[in-house]
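Q: Provided herewith: final.cif, mmCIF, N, CA and C atoms.
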```cif
data_model
loop_
_atom_site.label_atom_id
_atom_site.label_comp_id
_atom_site.auth_asym_id
_atom_site.auth_seq_id
_atom_site.Cartn_x
_atom_site.Cartn_y
_atom_site.Cartn_z
N MET A 13 16.06 -23.48 5.11
CA MET A 13 16.34 -22.98 3.78
C MET A 13 15.67 -21.63 3.64
N PHE A 14 16.36 -20.70 3.03
CA PHE A 14 15.82 -19.37 2.78
C PHE A 14 15.79 -19.14 1.28
N GLU A 15 14.75 -18.51 0.81
CA GLU A 15 14.70 -18.12 -0.60
C GLU A 15 14.80 -16.61 -0.65
N SER A 16 15.70 -16.13 -1.48
CA SER A 16 15.86 -14.68 -1.58
C SER A 16 14.76 -14.12 -2.45
N GLY A 17 14.67 -12.82 -2.53
CA GLY A 17 13.69 -12.18 -3.37
C GLY A 17 14.06 -12.23 -4.84
N VAL A 18 15.28 -12.64 -5.15
CA VAL A 18 15.73 -12.73 -6.53
C VAL A 18 15.35 -14.08 -7.08
N LYS A 19 14.78 -14.11 -8.26
CA LYS A 19 14.34 -15.35 -8.87
C LYS A 19 15.51 -16.29 -9.10
N TRP A 20 15.34 -17.55 -8.77
CA TRP A 20 16.26 -18.64 -9.05
C TRP A 20 17.41 -18.79 -8.07
N ILE A 21 17.49 -18.01 -7.02
CA ILE A 21 18.59 -18.18 -6.08
C ILE A 21 18.04 -18.79 -4.80
N VAL A 22 18.62 -19.91 -4.38
CA VAL A 22 18.23 -20.57 -3.14
C VAL A 22 19.45 -20.63 -2.25
N VAL A 23 19.30 -20.17 -1.02
CA VAL A 23 20.40 -20.21 -0.06
C VAL A 23 20.02 -21.19 1.02
N GLU A 24 20.91 -22.13 1.30
CA GLU A 24 20.68 -23.14 2.33
C GLU A 24 21.72 -22.93 3.43
N VAL A 25 21.28 -22.74 4.65
CA VAL A 25 22.18 -22.52 5.77
C VAL A 25 22.14 -23.73 6.68
N SER A 26 23.33 -24.29 6.97
CA SER A 26 23.43 -25.44 7.85
C SER A 26 24.62 -25.22 8.77
N GLY A 27 24.37 -24.94 10.03
CA GLY A 27 25.48 -24.64 10.95
C GLY A 27 26.22 -23.41 10.49
N ASP A 28 27.53 -23.56 10.27
CA ASP A 28 28.31 -22.42 9.81
C ASP A 28 28.59 -22.48 8.31
N HIS A 29 27.85 -23.35 7.60
CA HIS A 29 28.03 -23.47 6.15
C HIS A 29 26.85 -22.83 5.43
N ILE A 30 27.15 -22.14 4.35
CA ILE A 30 26.12 -21.56 3.50
C ILE A 30 26.28 -22.17 2.12
N LYS A 31 25.19 -22.69 1.59
CA LYS A 31 25.20 -23.29 0.27
C LYS A 31 24.33 -22.44 -0.64
N LEU A 32 24.87 -22.02 -1.76
CA LEU A 32 24.15 -21.19 -2.71
C LEU A 32 23.95 -21.98 -3.99
N THR A 33 22.71 -22.12 -4.41
CA THR A 33 22.39 -22.76 -5.67
C THR A 33 21.83 -21.67 -6.58
N MET A 34 22.36 -21.58 -7.78
CA MET A 34 21.98 -20.47 -8.64
C MET A 34 21.77 -20.97 -10.07
N PHE A 35 20.69 -20.53 -10.68
CA PHE A 35 20.44 -20.74 -12.08
C PHE A 35 20.37 -19.36 -12.70
N ILE A 36 21.17 -19.13 -13.73
CA ILE A 36 21.19 -17.79 -14.31
C ILE A 36 20.79 -17.85 -15.77
N GLY A 37 20.39 -16.73 -16.29
CA GLY A 37 20.05 -16.62 -17.70
C GLY A 37 18.59 -16.84 -17.98
N GLU A 38 18.26 -16.71 -19.24
CA GLU A 38 16.89 -16.89 -19.71
C GLU A 38 16.93 -17.85 -20.87
N TYR A 39 16.12 -18.89 -20.84
CA TYR A 39 16.16 -19.92 -21.85
C TYR A 39 14.77 -20.18 -22.42
N SER A 40 14.69 -20.34 -23.71
CA SER A 40 13.45 -20.74 -24.36
C SER A 40 13.48 -22.26 -24.44
N HIS A 41 12.36 -22.87 -24.12
CA HIS A 41 12.30 -24.32 -24.09
C HIS A 41 10.97 -24.77 -24.64
N ASN A 42 10.85 -26.01 -25.05
CA ASN A 42 9.60 -26.57 -25.56
C ASN A 42 8.99 -27.51 -24.54
N LEU A 43 7.66 -27.47 -24.45
CA LEU A 43 6.93 -28.41 -23.62
C LEU A 43 6.46 -29.56 -24.49
N ASP A 44 6.40 -30.76 -23.92
CA ASP A 44 5.86 -31.88 -24.69
C ASP A 44 4.34 -31.84 -24.66
N ASP A 45 3.68 -32.82 -25.28
CA ASP A 45 2.22 -32.80 -25.39
C ASP A 45 1.51 -32.93 -24.04
N LYS A 46 2.22 -33.34 -23.00
CA LYS A 46 1.64 -33.43 -21.66
C LYS A 46 2.03 -32.23 -20.79
N GLY A 47 2.68 -31.23 -21.39
CA GLY A 47 3.06 -30.04 -20.65
C GLY A 47 4.33 -30.19 -19.84
N ARG A 48 5.15 -31.17 -20.15
CA ARG A 48 6.39 -31.40 -19.41
C ARG A 48 7.57 -30.73 -20.11
N MET A 49 8.54 -30.35 -19.31
CA MET A 49 9.75 -29.73 -19.83
C MET A 49 10.95 -30.50 -19.30
N ALA A 50 11.85 -30.89 -20.19
CA ALA A 50 13.05 -31.62 -19.78
C ALA A 50 14.06 -30.64 -19.19
N MET A 51 14.54 -30.92 -17.97
CA MET A 51 15.58 -30.10 -17.33
C MET A 51 16.96 -30.63 -17.70
N LEU A 52 17.14 -31.97 -17.76
CA LEU A 52 18.40 -32.62 -18.14
C LEU A 52 18.07 -33.82 -18.99
N PRO A 53 18.88 -34.14 -19.99
CA PRO A 53 18.60 -35.33 -20.80
C PRO A 53 19.05 -36.61 -20.09
N ILE A 54 18.59 -36.82 -18.85
CA ILE A 54 19.01 -37.96 -18.04
C ILE A 54 18.51 -39.28 -18.61
N SER A 55 17.46 -39.23 -19.44
CA SER A 55 16.95 -40.46 -20.01
C SER A 55 17.90 -41.06 -21.04
N GLN A 56 18.84 -40.27 -21.51
CA GLN A 56 19.81 -40.77 -22.49
C GLN A 56 20.95 -41.44 -21.76
N SER A 57 21.29 -42.66 -22.18
CA SER A 57 22.31 -43.44 -21.47
C SER A 57 23.66 -42.75 -21.45
N ASN A 58 24.03 -42.05 -22.53
CA ASN A 58 25.33 -41.38 -22.52
C ASN A 58 25.35 -40.21 -21.54
N SER A 59 24.21 -39.53 -21.34
CA SER A 59 24.14 -38.46 -20.34
C SER A 59 24.27 -39.03 -18.93
N ARG A 60 23.60 -40.15 -18.68
CA ARG A 60 23.70 -40.79 -17.36
C ARG A 60 25.14 -41.25 -17.10
N ALA A 61 25.77 -41.82 -18.11
CA ALA A 61 27.15 -42.30 -17.96
C ALA A 61 28.10 -41.14 -17.68
N PHE A 62 27.92 -40.04 -18.39
CA PHE A 62 28.77 -38.87 -18.18
C PHE A 62 28.57 -38.31 -16.78
N SER A 63 27.31 -38.17 -16.36
CA SER A 63 27.02 -37.66 -15.01
C SER A 63 27.62 -38.58 -13.96
N ARG A 64 27.48 -39.86 -14.15
CA ARG A 64 28.03 -40.84 -13.20
C ARG A 64 29.55 -40.67 -13.10
N LEU A 65 30.21 -40.55 -14.25
CA LEU A 65 31.67 -40.39 -14.26
C LEU A 65 32.09 -39.12 -13.52
N MET A 66 31.42 -38.01 -13.80
CA MET A 66 31.79 -36.73 -13.20
C MET A 66 31.45 -36.67 -11.72
N LEU A 67 30.28 -37.15 -11.34
CA LEU A 67 29.84 -36.99 -9.96
C LEU A 67 30.41 -38.04 -9.02
N ALA A 68 30.76 -39.21 -9.53
CA ALA A 68 31.30 -40.26 -8.66
C ALA A 68 32.64 -39.84 -8.06
N GLY A 69 33.41 -39.08 -8.79
CA GLY A 69 34.71 -38.65 -8.29
C GLY A 69 34.69 -37.31 -7.59
N ALA A 70 33.53 -36.64 -7.59
CA ALA A 70 33.43 -35.32 -6.97
C ALA A 70 33.41 -35.44 -5.45
N MET A 71 33.81 -34.38 -4.80
CA MET A 71 33.79 -34.40 -3.33
C MET A 71 33.69 -32.99 -2.78
N ASP A 72 33.15 -32.90 -1.56
CA ASP A 72 33.16 -31.64 -0.83
C ASP A 72 34.51 -31.52 -0.15
N VAL A 73 35.02 -30.30 -0.02
CA VAL A 73 36.29 -30.09 0.66
C VAL A 73 36.11 -29.05 1.74
N GLU A 74 36.94 -29.11 2.74
CA GLU A 74 36.94 -28.13 3.83
C GLU A 74 38.10 -27.17 3.61
N VAL A 75 37.85 -25.92 3.86
CA VAL A 75 38.88 -24.89 3.75
C VAL A 75 39.54 -24.75 5.11
N ASP A 76 40.89 -24.80 5.14
CA ASP A 76 41.58 -24.67 6.42
C ASP A 76 41.67 -23.21 6.84
N LYS A 77 42.28 -22.94 7.99
CA LYS A 77 42.32 -21.58 8.55
C LYS A 77 43.10 -20.61 7.68
N GLN A 78 43.95 -21.15 6.78
CA GLN A 78 44.72 -20.28 5.89
C GLN A 78 44.09 -20.20 4.50
N GLY A 79 42.85 -20.69 4.36
CA GLY A 79 42.14 -20.58 3.09
C GLY A 79 42.56 -21.59 2.05
N ARG A 80 43.08 -22.74 2.46
CA ARG A 80 43.56 -23.76 1.53
C ARG A 80 42.68 -25.00 1.61
N VAL A 81 42.70 -25.77 0.53
CA VAL A 81 42.03 -27.07 0.51
C VAL A 81 43.04 -28.11 0.06
N VAL A 82 42.88 -29.32 0.57
CA VAL A 82 43.73 -30.43 0.15
C VAL A 82 43.01 -31.16 -0.98
N LEU A 83 43.69 -31.28 -2.11
CA LEU A 83 43.14 -32.04 -3.23
C LEU A 83 43.59 -33.49 -3.08
N PRO A 84 42.66 -34.42 -2.99
CA PRO A 84 43.04 -35.82 -2.81
C PRO A 84 43.92 -36.33 -3.95
N GLU A 85 44.81 -37.24 -3.63
CA GLU A 85 45.76 -37.77 -4.60
C GLU A 85 45.06 -38.35 -5.83
N TYR A 86 43.95 -39.09 -5.62
CA TYR A 86 43.28 -39.71 -6.78
C TYR A 86 42.74 -38.66 -7.75
N LEU A 87 42.33 -37.50 -7.24
CA LEU A 87 41.86 -36.44 -8.13
C LEU A 87 43.02 -35.73 -8.81
N ARG A 88 44.14 -35.56 -8.10
CA ARG A 88 45.32 -34.95 -8.72
C ARG A 88 45.83 -35.83 -9.85
N GLN A 89 45.83 -37.15 -9.62
CA GLN A 89 46.28 -38.07 -10.68
C GLN A 89 45.32 -38.05 -11.85
N PHE A 90 44.01 -38.09 -11.58
CA PHE A 90 43.00 -38.10 -12.64
C PHE A 90 43.14 -36.86 -13.53
N ALA A 91 43.34 -35.71 -12.91
CA ALA A 91 43.43 -34.46 -13.66
C ALA A 91 44.84 -34.17 -14.17
N GLY A 92 45.81 -34.98 -13.78
CA GLY A 92 47.19 -34.74 -14.20
C GLY A 92 47.77 -33.46 -13.63
N LEU A 93 47.37 -33.12 -12.39
CA LEU A 93 47.83 -31.88 -11.77
C LEU A 93 49.26 -32.03 -11.29
N LYS A 94 50.08 -31.05 -11.63
CA LYS A 94 51.47 -31.03 -11.18
C LYS A 94 51.67 -29.82 -10.27
N LYS A 95 51.97 -28.68 -10.86
CA LYS A 95 52.24 -27.46 -10.08
C LYS A 95 51.30 -26.32 -10.48
N SER A 96 51.27 -25.99 -11.77
CA SER A 96 50.48 -24.86 -12.25
C SER A 96 49.08 -25.34 -12.63
N VAL A 97 48.05 -24.73 -11.99
CA VAL A 97 46.67 -25.15 -12.22
C VAL A 97 45.79 -23.95 -12.53
N VAL A 98 44.62 -24.22 -13.11
CA VAL A 98 43.60 -23.22 -13.38
C VAL A 98 42.34 -23.64 -12.64
N VAL A 99 41.72 -22.71 -11.92
CA VAL A 99 40.46 -22.96 -11.25
C VAL A 99 39.37 -22.34 -12.12
N ALA A 100 38.46 -23.19 -12.61
CA ALA A 100 37.38 -22.73 -13.48
C ALA A 100 36.07 -22.79 -12.71
N GLY A 101 35.41 -21.64 -12.56
CA GLY A 101 34.13 -21.58 -11.86
C GLY A 101 33.00 -21.99 -12.78
N LEU A 102 32.16 -22.90 -12.31
CA LEU A 102 31.03 -23.40 -13.09
C LEU A 102 29.76 -23.31 -12.25
N TYR A 103 29.21 -22.10 -12.15
CA TYR A 103 27.99 -21.80 -11.41
C TYR A 103 28.09 -22.18 -9.94
N ASN A 104 27.80 -23.43 -9.57
CA ASN A 104 27.78 -23.82 -8.16
C ASN A 104 28.90 -24.80 -7.81
N ARG A 105 29.93 -24.88 -8.64
CA ARG A 105 31.07 -25.75 -8.36
C ARG A 105 32.29 -25.19 -9.07
N VAL A 106 33.44 -25.76 -8.78
CA VAL A 106 34.66 -25.39 -9.49
C VAL A 106 35.32 -26.63 -10.05
N GLU A 107 36.05 -26.45 -11.11
CA GLU A 107 36.91 -27.50 -11.66
C GLU A 107 38.34 -27.00 -11.57
N ILE A 108 39.24 -27.92 -11.29
CA ILE A 108 40.66 -27.58 -11.21
C ILE A 108 41.37 -28.34 -12.32
N TRP A 109 42.01 -27.60 -13.21
CA TRP A 109 42.65 -28.16 -14.39
C TRP A 109 44.16 -27.95 -14.34
N ASP A 110 44.90 -28.86 -14.91
CA ASP A 110 46.31 -28.63 -15.20
C ASP A 110 46.36 -27.48 -16.20
N ASP A 111 47.26 -26.53 -15.99
CA ASP A 111 47.34 -25.33 -16.81
C ASP A 111 47.46 -25.66 -18.30
N GLY A 112 48.33 -26.58 -18.65
CA GLY A 112 48.53 -26.94 -20.06
C GLY A 112 47.29 -27.57 -20.67
N LYS A 113 46.65 -28.49 -19.92
CA LYS A 113 45.43 -29.14 -20.43
C LYS A 113 44.30 -28.13 -20.58
N TRP A 114 44.21 -27.17 -19.65
CA TRP A 114 43.17 -26.14 -19.75
C TRP A 114 43.35 -25.33 -21.02
N ASN A 115 44.58 -24.92 -21.32
CA ASN A 115 44.83 -24.10 -22.50
C ASN A 115 44.48 -24.86 -23.79
N VAL A 116 44.77 -26.16 -23.83
CA VAL A 116 44.39 -26.97 -25.00
C VAL A 116 42.88 -27.05 -25.11
N PHE A 117 42.20 -27.36 -23.98
CA PHE A 117 40.74 -27.45 -23.96
C PHE A 117 40.10 -26.13 -24.39
N LYS A 118 40.60 -25.04 -23.84
CA LYS A 118 40.05 -23.72 -24.14
C LYS A 118 40.20 -23.39 -25.63
N SER A 119 41.35 -23.67 -26.19
CA SER A 119 41.58 -23.40 -27.62
C SER A 119 40.66 -24.23 -28.49
N GLN A 120 40.52 -25.53 -28.16
CA GLN A 120 39.64 -26.40 -28.94
C GLN A 120 38.18 -25.96 -28.82
N THR A 121 37.77 -25.60 -27.62
CA THR A 121 36.38 -25.17 -27.41
C THR A 121 36.09 -23.88 -28.14
N GLU A 122 37.02 -22.94 -28.08
CA GLU A 122 36.83 -21.68 -28.80
C GLU A 122 36.75 -21.92 -30.31
N ALA A 123 37.56 -22.84 -30.82
CA ALA A 123 37.54 -23.13 -32.26
C ALA A 123 36.22 -23.79 -32.68
N ASN A 124 35.57 -24.50 -31.76
CA ASN A 124 34.33 -25.21 -32.07
C ASN A 124 33.10 -24.53 -31.48
N SER A 125 33.21 -23.27 -31.09
CA SER A 125 32.12 -22.60 -30.37
C SER A 125 30.82 -22.53 -31.17
N ASN A 126 30.89 -22.33 -32.48
CA ASN A 126 29.66 -22.27 -33.28
C ASN A 126 28.94 -23.61 -33.27
N GLU A 127 29.67 -24.69 -33.45
CA GLU A 127 29.08 -26.03 -33.45
C GLU A 127 28.48 -26.36 -32.08
N ILE A 128 29.19 -26.00 -31.02
CA ILE A 128 28.69 -26.24 -29.66
C ILE A 128 27.40 -25.46 -29.42
N ALA A 129 27.36 -24.20 -29.84
CA ALA A 129 26.16 -23.38 -29.67
C ALA A 129 24.97 -23.98 -30.41
N GLU A 130 25.19 -24.51 -31.62
CA GLU A 130 24.11 -25.13 -32.38
C GLU A 130 23.59 -26.38 -31.68
N LYS A 131 24.48 -27.20 -31.15
CA LYS A 131 24.04 -28.40 -30.42
C LYS A 131 23.27 -28.04 -29.16
N MET A 132 23.69 -27.00 -28.47
CA MET A 132 22.97 -26.56 -27.28
C MET A 132 21.58 -26.05 -27.65
N ALA A 133 21.48 -25.36 -28.78
CA ALA A 133 20.19 -24.87 -29.24
C ALA A 133 19.26 -26.03 -29.55
N GLU A 134 19.80 -27.13 -30.09
CA GLU A 134 19.00 -28.33 -30.36
C GLU A 134 18.41 -28.90 -29.07
N LEU A 135 19.14 -28.71 -27.95
CA LEU A 135 18.66 -29.19 -26.65
C LEU A 135 17.71 -28.19 -26.00
N GLY A 136 17.56 -27.03 -26.59
CA GLY A 136 16.69 -26.01 -26.03
C GLY A 136 17.36 -25.14 -24.99
N VAL A 137 18.69 -25.14 -25.00
CA VAL A 137 19.43 -24.34 -24.01
C VAL A 137 19.92 -23.07 -24.66
#
```
Could you take the file, read its structure, and then write that structure out as structure tokens?
A:
Amino acid sequence: MFESGVKWIVVEVSGDHIKLTMFIGEYSHNLDDKGRMAMLPISQSNSRAFSRLMLAGAMDVEVDKQGRVVLPEYLRQFAGLKKSVVVAGLYNRVEIWDDGKWNVFKSQTEANSNEIAEKMAELGV
């Protein structure tokens, strides 16, 4: 494992694979009376359930010589993927959405952005 000179970036090299883990931004957070800081609300059952749901179906994929990946059938069915898709980058992973579902999600999220920002602030993010 190599650590770059830039804060928060860790590069892991294994054979011909390079893994980049990145945390970006600056966040104000509160410490508890013992000096601890919560990184994720994993102690909450709904957070654990959500993480379990998202990560249980996740998988690593190999890129073929033409730069393509095969999306497993169970993931295509879960996401309702047909033909037109959107690839959304999320720091160290990507999500692949059906184009229509992405546009609905994006519109709803944009309409609720103030409420979402307030809830994130409550979490210290």
Q: Using atom N of A:Leu135 and atom N of A:Asn42 as the two end points, give the distance in Å to one decimal.
A: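 Taking atom N of A:Leu135 as the start and atom N of A:Asn42 as the end point, the length is 9.2 Å.
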Q: For atom CA of A:Asp110 and atom CA of A:Ala91, quote the distance in Å rounded to one decimal.
A: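 We find that atom CA of A:Asp110 and atom CA of A:Ala91 lie 6.7 Å from each other.
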Q: Could you check which of A:Ala100, A:Arg105, A:Gln89, A:Gly112 is closest to A:Val73, using only C-alpha atoms?
A: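 Closest to A:Val73, using only C-alpha atoms: A:Arg105.
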Q: Quick one: pull the distance between atom CA of A:Thr121 and atom CA of A:Lys95, Å, one decimal.
A: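 Between atom CA of A:Thr121 and atom CA of A:Lys95 the gap works out to 23.6 Å.
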Q: Using only C-alpha atoms, which of the listed residues (A:Glu130, A:Lys118, A:Asp72, A:Leu93) sits closest to A:Val106?
A: A:Asp72
Q: Report, as AutoDock Vina command-line options, the centre and edge lengths in Å (one decimal) of the axis-aligned box enclosing every listed atom of stretch 122-133 of chain A, padded by 5 Å on each side.
A:
```
--center_x 28.4 --center_y -25.0 --center_z -30.4 --size_x 28.3 --size_y 16.7 --size_z 16.2
```
Q: Mind the document's chain letters and residue numbers, and return as number ranges by chain the residues of stretch 74-118 of chain A that DSSP labels strand (DSSP E).
A: A: 97-102, 105-110
Q: Within 6 Å of A:Trp109, counting all atoms listed in the file, which residues show up once you throw out same-chain ones fewer than 3 positions away? Write them as JSON, numbers by chain, please.
A: {"A": [93, 96, 97, 98, 99, 100, 114]}
